[in-house]
Amino acid sequence: MNKKNSMTAKNKKDIALCAFVFLLPVLILLTTYLLYPIIATFVNSFFQWNGISAEKKFIGFANWNKLLHDKDFWAAFFNNIKVMVLSLLVQMPIGILLATFLDAGGRKFNFFKVIWFLPMLMSAVAVGYLFRYALATNGGLISSLSELLGGKNVDLLGNQKTALFAVIGVICWQFIPFYMVYYLAGYSSIPEDVYEAAIIDGATRSQYVTRIALPLLVPTIRSAIILSLIGSLKYFDLVYIMTGGGPGTSTELMATYMYKNSFVTFNMGYGSTIAAGMFILITIFAAVVMRLLRGKG
Amino acid sequence: MKKRILATLLTTLMVASLALSGCSGKQPTMDGSNAPDAAPAAEAPAAEAPADAAEAPAPASGDDKTITFWNIATDEPDHTLYIWAVDKYNAETSPESGYTVEMVPTVNDQYKEKLAVAMGAGQCPDMYTNWTGGSLVEYAKSGLAQDVTDLVDKYGLRDRYTEASLAQASIDGKIYAIPVKSNSVASFFYDKKMWAEKGYEIPKTLDELEALCDKMVADGITPFALANQPQWTGSMYYMYLVARHGGPEIISKAYDGTGSLENESTIFAGEKIEEWVDKGYFPEGVNSLSPDNGDDRALLYKGAGMMLHGSWQVSSIKSENPDFYENLGAFPFPEITGSSADQTAVVGTLGDNFISFSCTGEKLEEAFKLATLYSTDEFMQMDIDSGNLPPLKAAKSDEPAWQDILAVLNSASSVQLWWDQYLPPAVADVHKSATQKLFDKSETPENVAKEQQAAMDEWLSQQ
């Protein structure tokens, strides 16, 4: 009996060792490329540093104090909130709608599936340039359409009031396909017999979708919301390509503001503070939303 | 059992060595970024290490015998001009020195940032072009731009370059960069033929300019071809208006802390621009047009009145639209009548691009040898033929468009470097985004001036 026990104990030990050895590469990668940069960012946030020189000057909480009172940063944060809210409001419903449509159509709609997924396959840089041309004031797609209908040129990206919304529109265009596929996967994970049972019980297709499929999709929706939320709060690429944060600072997001400080104005110390601040804000946001959603579920 | 232990040990060793090589690859990069001014011997393996650790085909900058040269020569004729010296060096000097040069061109508007990232990562190119001013001060302060005064003397470059261009590349009397390419001042470019047909005349004063613009608007012509998405283009109007109203000393006094950017001249400039916006002098969507796409030149070709821009536009227009080039004219920014400020100052640069060096010792001298090719007679002729005017004492240009610009330059009392290059980078960025707000009138001239001075104050307080 003793022997058997010691055997299992030994086995467990072996397994633990084995697991450790196998996990080691991942652990090292994560430490080097995730944990270390995060810690380094927080450390740098206490220095005044231009990002290229050898010297760093320790300045305590001065950067953090500046961040708290930096109206540009908070304006950028509220722009992020706008991106987040509009992304949720636009991308989620359309994503679900398209997925429902494709799910109902089955293989017949494969054509749509491919067409609708295309935006997701393009790199953000290409999408950004594409829409910069499409939205150009002179000779762009929208302006030409407007001229055709007898209107004036439309300047979407050069106008502080519309620039952010124009970019959000493009972000949605790019990301709706992602959520479409995400929900489609959710649909396909619902067992076929649930559908059959519902139909046998006399449910119509729309009743099946609203009463049975959607409730079953709730976990998928929940994780999609969190994904979209985190993605919106750290969003960078399309804004950088299409407007660079301008005109003025009207489309500045936290990430583009961080980039500007770190690499354009030689203010790596403060740039790190913004990055660390973003890290804290996004973590809080994600934690709160996860808690809220779990409460409902 | 023993076998298993051995196997486990071996795997652990293998993984550990992998991991360690990963670490050693990472570590020196960090050292590099912390001590970029270390001796080149220490820096070279630092840059090399990550290459064999993870990303095998990493940039060749780590190679001891390869000189990497970064610049913004993505378009013609710049690319041909820059690569000429690189090819010449690789063909003629390489065999004896053992060094080869690799040129890496990057699009203008992303260049500065790419350079800053590379510098921060300890992968600074051995030689790179910049625009002097506030950025060069940062590079030099960080040990990433070497003092080349001795080399300039050794290779006799003082006899070749104009004094003013070397002065622009100097910090506290030491030369940190070698001018290349062209004198560039901002002046108005226009289509002589179109102006003659319409009976427009070159405005000498600001009032005349405004009268002309009003006439153009009435004729259905957009007076100013401006593409202000990257913000430094619109800044030219602002800089000139400030300089004409208050003189070039406003900016230098603000820089050393004895003056302020919040004064009647900057407010005047802001008010003028907003007034011009109201009157329709600028094209629709001015803040979303981009000079990197050539949007501003396209407007000029399509019949816009004039374009305030740097002289490098001459070579671009020459290679892009030879027909238009034949009628290209230029005139200086008009004077303000009755102003006590010096009315002949120009905004621009004496060299356009400047090459700085981060490498040291033997490698620095080899890199410098390459740079000297840009002041040879052979290069000068190529440069002039392509529509530039290098900042060399011997340089003369027969190009018609340059005669106008030379007239501007020769009568200038001083050349004020572009604010966005001259100012410390942090202030320059605020200057650019603040002045852009004038072009859609989203901020008052007073607040734009205040915002710039606030950034200036903050920078001064950190010095």
# chains A, B, ... in the order shown; residues from 1 in each chain; ligands from 1
call {"tool": "residues_around", "arguments": {"residues": "A:Ala124", "least_positions_apart": "3", "cutoff": "9 Å", "atoms": "only C-alpha atoms", "output": "MDAnalysis selection string"}}
result
chainID A and resid 120 127:129 174 237:238 241
call {"tool": "interface_residues", "arguments": {"of": "chain B", "to": "chain A", "cutoff": "6 Å", "atoms": "only C-alpha atoms", "output": "ChimeraX atom specification"}}
result
/B:34-35,113,116,119-120,142,285,287-288,425-426,433,436-437
call {"tool": "closest_residue", "arguments": {"among": "B:Gln123, B:Ser252, B:Asn327, B:Thr106", "to": "B:Lys192", "atoms": "only C-alpha atoms"}}
result
B:Asn327
call {"tool": "closest_residue", "arguments": {"among": "A:Lys13, A:Lys82, A:His69, A:Lys113", "to": "A:Val167", "atoms": "only C-alpha atoms"}}
result
A:Lys82
call {"tool": "atom_distance", "arguments": {"atom1": "atom CA of B:Lys65", "atom2": "atom CA of B:Thr100"}}
result
6.4 Å
call {"tool": "atom_distance", "arguments": {"atom1": "atom CA of B:Gln168", "atom2": "atom CA of B:Thr132"}}
result
7.1 Å
call {"tool": "residues_around", "arguments": {"residues": "A:Phe178", "least_positions_apart": "3", "cutoff": "9 Å", "atoms": "only C-alpha atoms", "output": "VMD selection string"}}
result
chain A and resid 95 117 119 to 120 174 to 175 181 to 183
call {"tool": "write_last_selection", "arguments": {"atoms": "N, CA and C atoms", "output": "CSV table (one decimal), in the first residue's frame"}}
result
chain,number,residue,atom,x,y,z
A,95,GLY,N,-23.1,42.1,-36.7
A,95,GLY,CA,-22.4,40.8,-36.7
A,95,GLY,C,-23.4,39.7,-36.4
A,117,PHE,N,-16.4,38.4,-45.6
A,117,PHE,CA,-15.2,38.2,-44.7
A,117,PHE,C,-14.0,38.9,-45.3
A,119,PRO,N,-13.1,42.1,-45.9
A,119,PRO,CA,-12.4,43.2,-45.2
A,119,PRO,C,-11.5,42.7,-44.1
A,120,MET,N,-11.8,41.6,-43.4
A,120,MET,CA,-11.0,41.2,-42.3
A,120,MET,C,-9.6,40.7,-42.8
A,174,GLN,N,-14.2,47.2,-41.0
A,174,GLN,CA,-13.2,46.1,-40.9
A,174,GLN,C,-13.5,45.0,-39.9
A,175,PHE,N,-14.2,45.4,-38.8
A,175,PHE,CA,-14.3,44.4,-37.8
A,175,PHE,C,-15.6,43.6,-37.7
A,181,VAL,N,-18.0,36.0,-38.1
A,181,VAL,CA,-17.5,34.7,-38.0
A,181,VAL,C,-17.5,34.1,-36.6
A,182,TYR,N,-17.3,35.0,-35.7
A,182,TYR,CA,-17.3,34.6,-34.3
A,182,TYR,C,-18.6,34.1,-33.9
A,183,TYR,N,-19.7,34.8,-34.3
A,183,TYR,CA,-21.1,34.4,-33.9
A,183,TYR,C,-21.5,33.2,-34.7
call {"tool": "residues_around", "arguments": {"residues": "B:Gln343", "least_positions_apart": "5", "cutoff": "10 Å", "atoms": "only C-alpha atoms", "output": "ChimeraX atom specification"}}
result
/B:240,243-248,333-337,412-413
call {"tool": "atom_distance", "arguments": {"atom1": "atom CA of B:Met306", "atom2": "atom CA of B:Phe224"}}
result
5.2 Å
call {"tool": "residues_around", "arguments": {"residues": "stretch 205-221 of chain A", "least_positions_apart": "4", "cutoff": "8 Å", "atoms": "only C-alpha atoms", "output": "PyMOL selection string"}}
result
chain A and resi 100+182-183+186-187+190+195+198-199+225+297
call {"tool": "select_by_dssp", "arguments": {"residues": "stretch 204-437 of chain B", "states": "alpha helix (DSSP H)", "output": "VMD selection string"}}
result
chain B and resid 206 to 218 232 to 246 249 to 255 264 to 278 295 to 301 312 to 320 322 to 325 361 to 372 377 to 385 400 to 410 419 to 422 425 to 436
call {"tool": "residues_around", "arguments": {"residues": "B:Ala394", "least_positions_apart": "6", "cutoff": "12 Å", "atoms": "only C-alpha atoms", "output": "MDAnalysis selection string"}}
result
chainID B and resid 159:162 375:381 384
call {"tool": "residues_around", "arguments": {"residues": "B:Ala140", "least_positions_apart": "2", "cutoff": "10 Å", "atoms": "only C-alpha atoms", "output": "list in words"}}
result
Ser53 of chain A; Ser135, Leu136, Val137, Glu138, Ser142, Gly143, Leu144, Ala145, Gln146, Asp147, Ile171, Tyr176, Ala177, Ser356, Phe357 and Ser358 of chain B
call {"tool": "closest_residue", "arguments": {"among": "B:Lys272, B:Met382, B:Phe331, B:Val346", "to": "B:Pro203", "atoms": "only C-alpha atoms"}}
result
B:Phe331
call {"tool": "closest_residue", "arguments": {"among": "B:Asp429, B:Pro179, B:Ser311, B:Trp459", "to": "A:Tyr257", "atoms": "only C-alpha atoms"}}
result
B:Asp429
call {"tool": "closest_residue", "arguments": {"among": "A:Leu227, A:Met258, A:Ala276, A:Leu86", "to": "A:Val289", "atoms": "only C-alpha atoms"}}
result
A:Leu227
call {"tool": "closest_residue", "arguments": {"among": "A:Ser146, A:Thr251, A:Thr8, A:Thr273", "to": "A:Ala75", "atoms": "only C-alpha atoms"}}
result
A:Thr251
call {"tool": "decode", "arguments": {"residues": "stretch 125-230 of chain B", "atoms": "C-alpha atoms", "output": "PDB file, in the first residue's frame"}}
result
ATOM      1  CA  PRO B 125      21.859  53.356 -38.386  1.00  0.00           C
ATOM      2  CA  ASP B 126      25.522  54.238 -38.835  1.00  0.00           C
ATOM      3  CA  MET B 127      24.636  57.286 -40.876  1.00  0.00           C
ATOM      4  CA  TYR B 128      21.278  58.945 -41.333  1.00  0.00           C
ATOM      5  CA  THR B 129      19.818  62.114 -42.744  1.00  0.00           C
ATOM      6  CA  ASN B 130      18.011  64.610 -40.542  1.00  0.00           C
ATOM      7  CA  TRP B 131      16.972  68.249 -40.664  1.00  0.00           C
ATOM      8  CA  THR B 132      19.206  69.651 -37.877  1.00  0.00           C
ATOM      9  CA  GLY B 133      17.433  71.844 -35.322  1.00  0.00           C
ATOM     10  CA  GLY B 134      15.886  70.478 -32.126  1.00  0.00           C
ATOM     11  CA  SER B 135      16.076  66.841 -33.193  1.00  0.00           C
ATOM     12  CA  LEU B 136      19.792  66.991 -33.950  1.00  0.00           C
ATOM     13  CA  VAL B 137      20.352  68.464 -30.497  1.00  0.00           C
ATOM     14  CA  GLU B 138      18.611  65.409 -29.012  1.00  0.00           C
ATOM     15  CA  TYR B 139      20.640  63.010 -31.171  1.00  0.00           C
ATOM     16  CA  ALA B 140      23.909  64.716 -30.272  1.00  0.00           C
ATOM     17  CA  LYS B 141      23.028  64.898 -26.585  1.00  0.00           C
ATOM     18  CA  SER B 142      22.349  61.161 -26.639  1.00  0.00           C
ATOM     19  CA  GLY B 143      25.654  60.340 -28.322  1.00  0.00           C
ATOM     20  CA  LEU B 144      23.970  59.217 -31.532  1.00  0.00           C
ATOM     21  CA  ALA B 145      25.358  62.030 -33.656  1.00  0.00           C
ATOM     22  CA  GLN B 146      29.136  62.334 -33.576  1.00  0.00           C
ATOM     23  CA  ASP B 147      31.139  65.519 -33.619  1.00  0.00           C
ATOM     24  CA  VAL B 148      32.724  65.496 -37.081  1.00  0.00           C
ATOM     25  CA  THR B 149      34.472  68.883 -36.960  1.00  0.00           C
ATOM     26  CA  ASP B 150      37.923  67.273 -37.265  1.00  0.00           C
ATOM     27  CA  LEU B 151      36.875  65.189 -40.250  1.00  0.00           C
ATOM     28  CA  VAL B 152      35.380  68.219 -41.951  1.00  0.00           C
ATOM     29  CA  ASP B 153      38.764  69.929 -41.598  1.00  0.00           C
ATOM     30  CA  LYS B 154      40.723  66.819 -42.595  1.00  0.00           C
ATOM     31  CA  TYR B 155      38.796  66.366 -45.837  1.00  0.00           C
ATOM     32  CA  GLY B 156      38.739  70.062 -46.602  1.00  0.00           C
ATOM     33  CA  LEU B 157      34.989  70.378 -46.644  1.00  0.00           C
ATOM     34  CA  ARG B 158      35.099  73.903 -45.286  1.00  0.00           C
ATOM     35  CA  ASP B 159      36.373  74.948 -48.711  1.00  0.00           C
ATOM     36  CA  ARG B 160      33.439  73.273 -50.392  1.00  0.00           C
ATOM     37  CA  TYR B 161      30.408  74.107 -48.267  1.00  0.00           C
ATOM     38  CA  THR B 162      28.964  77.524 -47.667  1.00  0.00           C
ATOM     39  CA  GLU B 163      29.667  78.798 -44.184  1.00  0.00           C
ATOM     40  CA  ALA B 164      25.999  79.265 -43.350  1.00  0.00           C
ATOM     41  CA  SER B 165      25.120  75.661 -44.192  1.00  0.00           C
ATOM     42  CA  LEU B 166      27.834  74.299 -41.908  1.00  0.00           C
ATOM     43  CA  ALA B 167      26.709  76.730 -39.233  1.00  0.00           C
ATOM     44  CA  GLN B 168      23.229  75.262 -39.439  1.00  0.00           C
ATOM     45  CA  ALA B 169      24.738  71.798 -38.834  1.00  0.00           C
ATOM     46  CA  SER B 170      26.675  72.995 -35.794  1.00  0.00           C
ATOM     47  CA  ILE B 171      25.812  72.943 -32.131  1.00  0.00           C
ATOM     48  CA  ASP B 172      27.980  75.129 -29.878  1.00  0.00           C
ATOM     49  CA  GLY B 173      30.510  75.529 -32.656  1.00  0.00           C
ATOM     50  CA  LYS B 174      30.941  71.811 -33.333  1.00  0.00           C
ATOM     51  CA  ILE B 175      29.747  70.283 -36.596  1.00  0.00           C
ATOM     52  CA  TYR B 176      27.418  67.323 -36.172  1.00  0.00           C
ATOM     53  CA  ALA B 177      26.140  66.845 -39.719  1.00  0.00           C
ATOM     54  CA  ILE B 178      27.027  67.247 -43.389  1.00  0.00           C
ATOM     55  CA  PRO B 179      24.582  69.170 -45.594  1.00  0.00           C
ATOM     56  CA  VAL B 180      23.294  67.374 -48.695  1.00  0.00           C
ATOM     57  CA  LYS B 181      21.117  68.066 -51.640  1.00  0.00           C
ATOM     58  CA  SER B 182      19.795  71.578 -51.734  1.00  0.00           C
ATOM     59  CA  ASN B 183      19.240  74.972 -50.281  1.00  0.00           C
ATOM     60  CA  SER B 184      15.559  75.094 -49.629  1.00  0.00           C
ATOM     61  CA  VAL B 185      13.557  78.131 -48.766  1.00  0.00           C
ATOM     62  CA  ALA B 186       9.828  78.480 -48.691  1.00  0.00           C
ATOM     63  CA  SER B 187       8.542  80.686 -51.470  1.00  0.00           C
ATOM     64  CA  PHE B 188       5.391  80.902 -53.553  1.00  0.00           C
ATOM     65  CA  PHE B 189       5.390  78.807 -56.733  1.00  0.00           C
ATOM     66  CA  TYR B 190       3.094  79.721 -59.587  1.00  0.00           C
ATOM     67  CA  ASP B 191       2.289  78.992 -63.209  1.00  0.00           C
ATOM     68  CA  LYS B 192       3.734  81.902 -65.226  1.00  0.00           C
ATOM     69  CA  LYS B 193       1.656  81.081 -68.282  1.00  0.00           C
ATOM     70  CA  MET B 194      -1.646  80.965 -66.435  1.00  0.00           C
ATOM     71  CA  TRP B 195      -0.846  84.189 -64.577  1.00  0.00           C
ATOM     72  CA  ALA B 196       0.064  85.976 -67.795  1.00  0.00           C
ATOM     73  CA  GLU B 197      -3.182  84.851 -69.423  1.00  0.00           C
ATOM     74  CA  LYS B 198      -5.253  86.049 -66.508  1.00  0.00           C
ATOM     75  CA  GLY B 199      -3.240  89.214 -66.051  1.00  0.00           C
ATOM     76  CA  TYR B 200      -2.165  88.453 -62.481  1.00  0.00           C
ATOM     77  CA  GLU B 201       0.878  90.243 -61.145  1.00  0.00           C
ATOM     78  CA  ILE B 202       3.358  89.200 -58.508  1.00  0.00           C
ATOM     79  CA  PRO B 203       2.250  90.741 -55.203  1.00  0.00           C
ATOM     80  CA  LYS B 204       4.889  92.729 -53.367  1.00  0.00           C
ATOM     81  CA  THR B 205       2.932  93.430 -50.221  1.00  0.00           C
ATOM     82  CA  LEU B 206       0.495  91.487 -48.126  1.00  0.00           C
ATOM     83  CA  ASP B 207      -2.322  93.823 -49.205  1.00  0.00           C
ATOM     84  CA  GLU B 208      -1.517  93.132 -52.842  1.00  0.00           C
ATOM     85  CA  LEU B 209      -1.470  89.410 -52.113  1.00  0.00           C
ATOM     86  CA  GLU B 210      -4.914  89.606 -50.550  1.00  0.00           C
ATOM     87  CA  ALA B 211      -6.251  91.688 -53.433  1.00  0.00           C
ATOM     88  CA  LEU B 212      -4.876  89.128 -55.875  1.00  0.00           C
ATOM     89  CA  CYS B 213      -6.394  86.251 -53.930  1.00  0.00           C
ATOM     90  CA  ASP B 214      -9.775  87.980 -53.897  1.00  0.00           C
ATOM     91  CA  LYS B 215      -9.525  88.331 -57.654  1.00  0.00           C
ATOM     92  CA  MET B 216      -8.661  84.638 -57.983  1.00  0.00           C
ATOM     93  CA  VAL B 217     -11.583  83.598 -55.809  1.00  0.00           C
ATOM     94  CA  ALA B 218     -13.838  85.730 -57.997  1.00  0.00           C
ATOM     95  CA  ASP B 219     -12.367  83.964 -61.048  1.00  0.00           C
ATOM     96  CA  GLY B 220     -13.197  80.590 -59.500  1.00  0.00           C
ATOM     97  CA  ILE B 221      -9.581  79.779 -58.709  1.00  0.00           C
ATOM     98  CA  THR B 222      -8.389  78.466 -55.342  1.00  0.00           C
ATOM     99  CA  PRO B 223      -5.531  80.847 -54.482  1.00  0.00           C
ATOM    100  CA  PHE B 224      -3.395  78.604 -52.241  1.00  0.00           C
ATOM    101  CA  ALA B 225      -2.582  74.993 -53.095  1.00  0.00           C
ATOM    102  CA  LEU B 226      -2.057  73.632 -49.612  1.00  0.00           C
ATOM    103  CA  ALA B 227      -2.194  70.047 -48.337  1.00  0.00           C
ATOM    104  CA  ASN B 228      -2.147  70.301 -44.578  1.00  0.00           C
ATOM    105  CA  GLN B 229      -2.734  66.785 -43.301  1.00  0.00           C
ATOM    106  CA  PRO B 230       0.800  66.466 -41.851  1.00  0.00           C
TER     107      PRO B 230
END
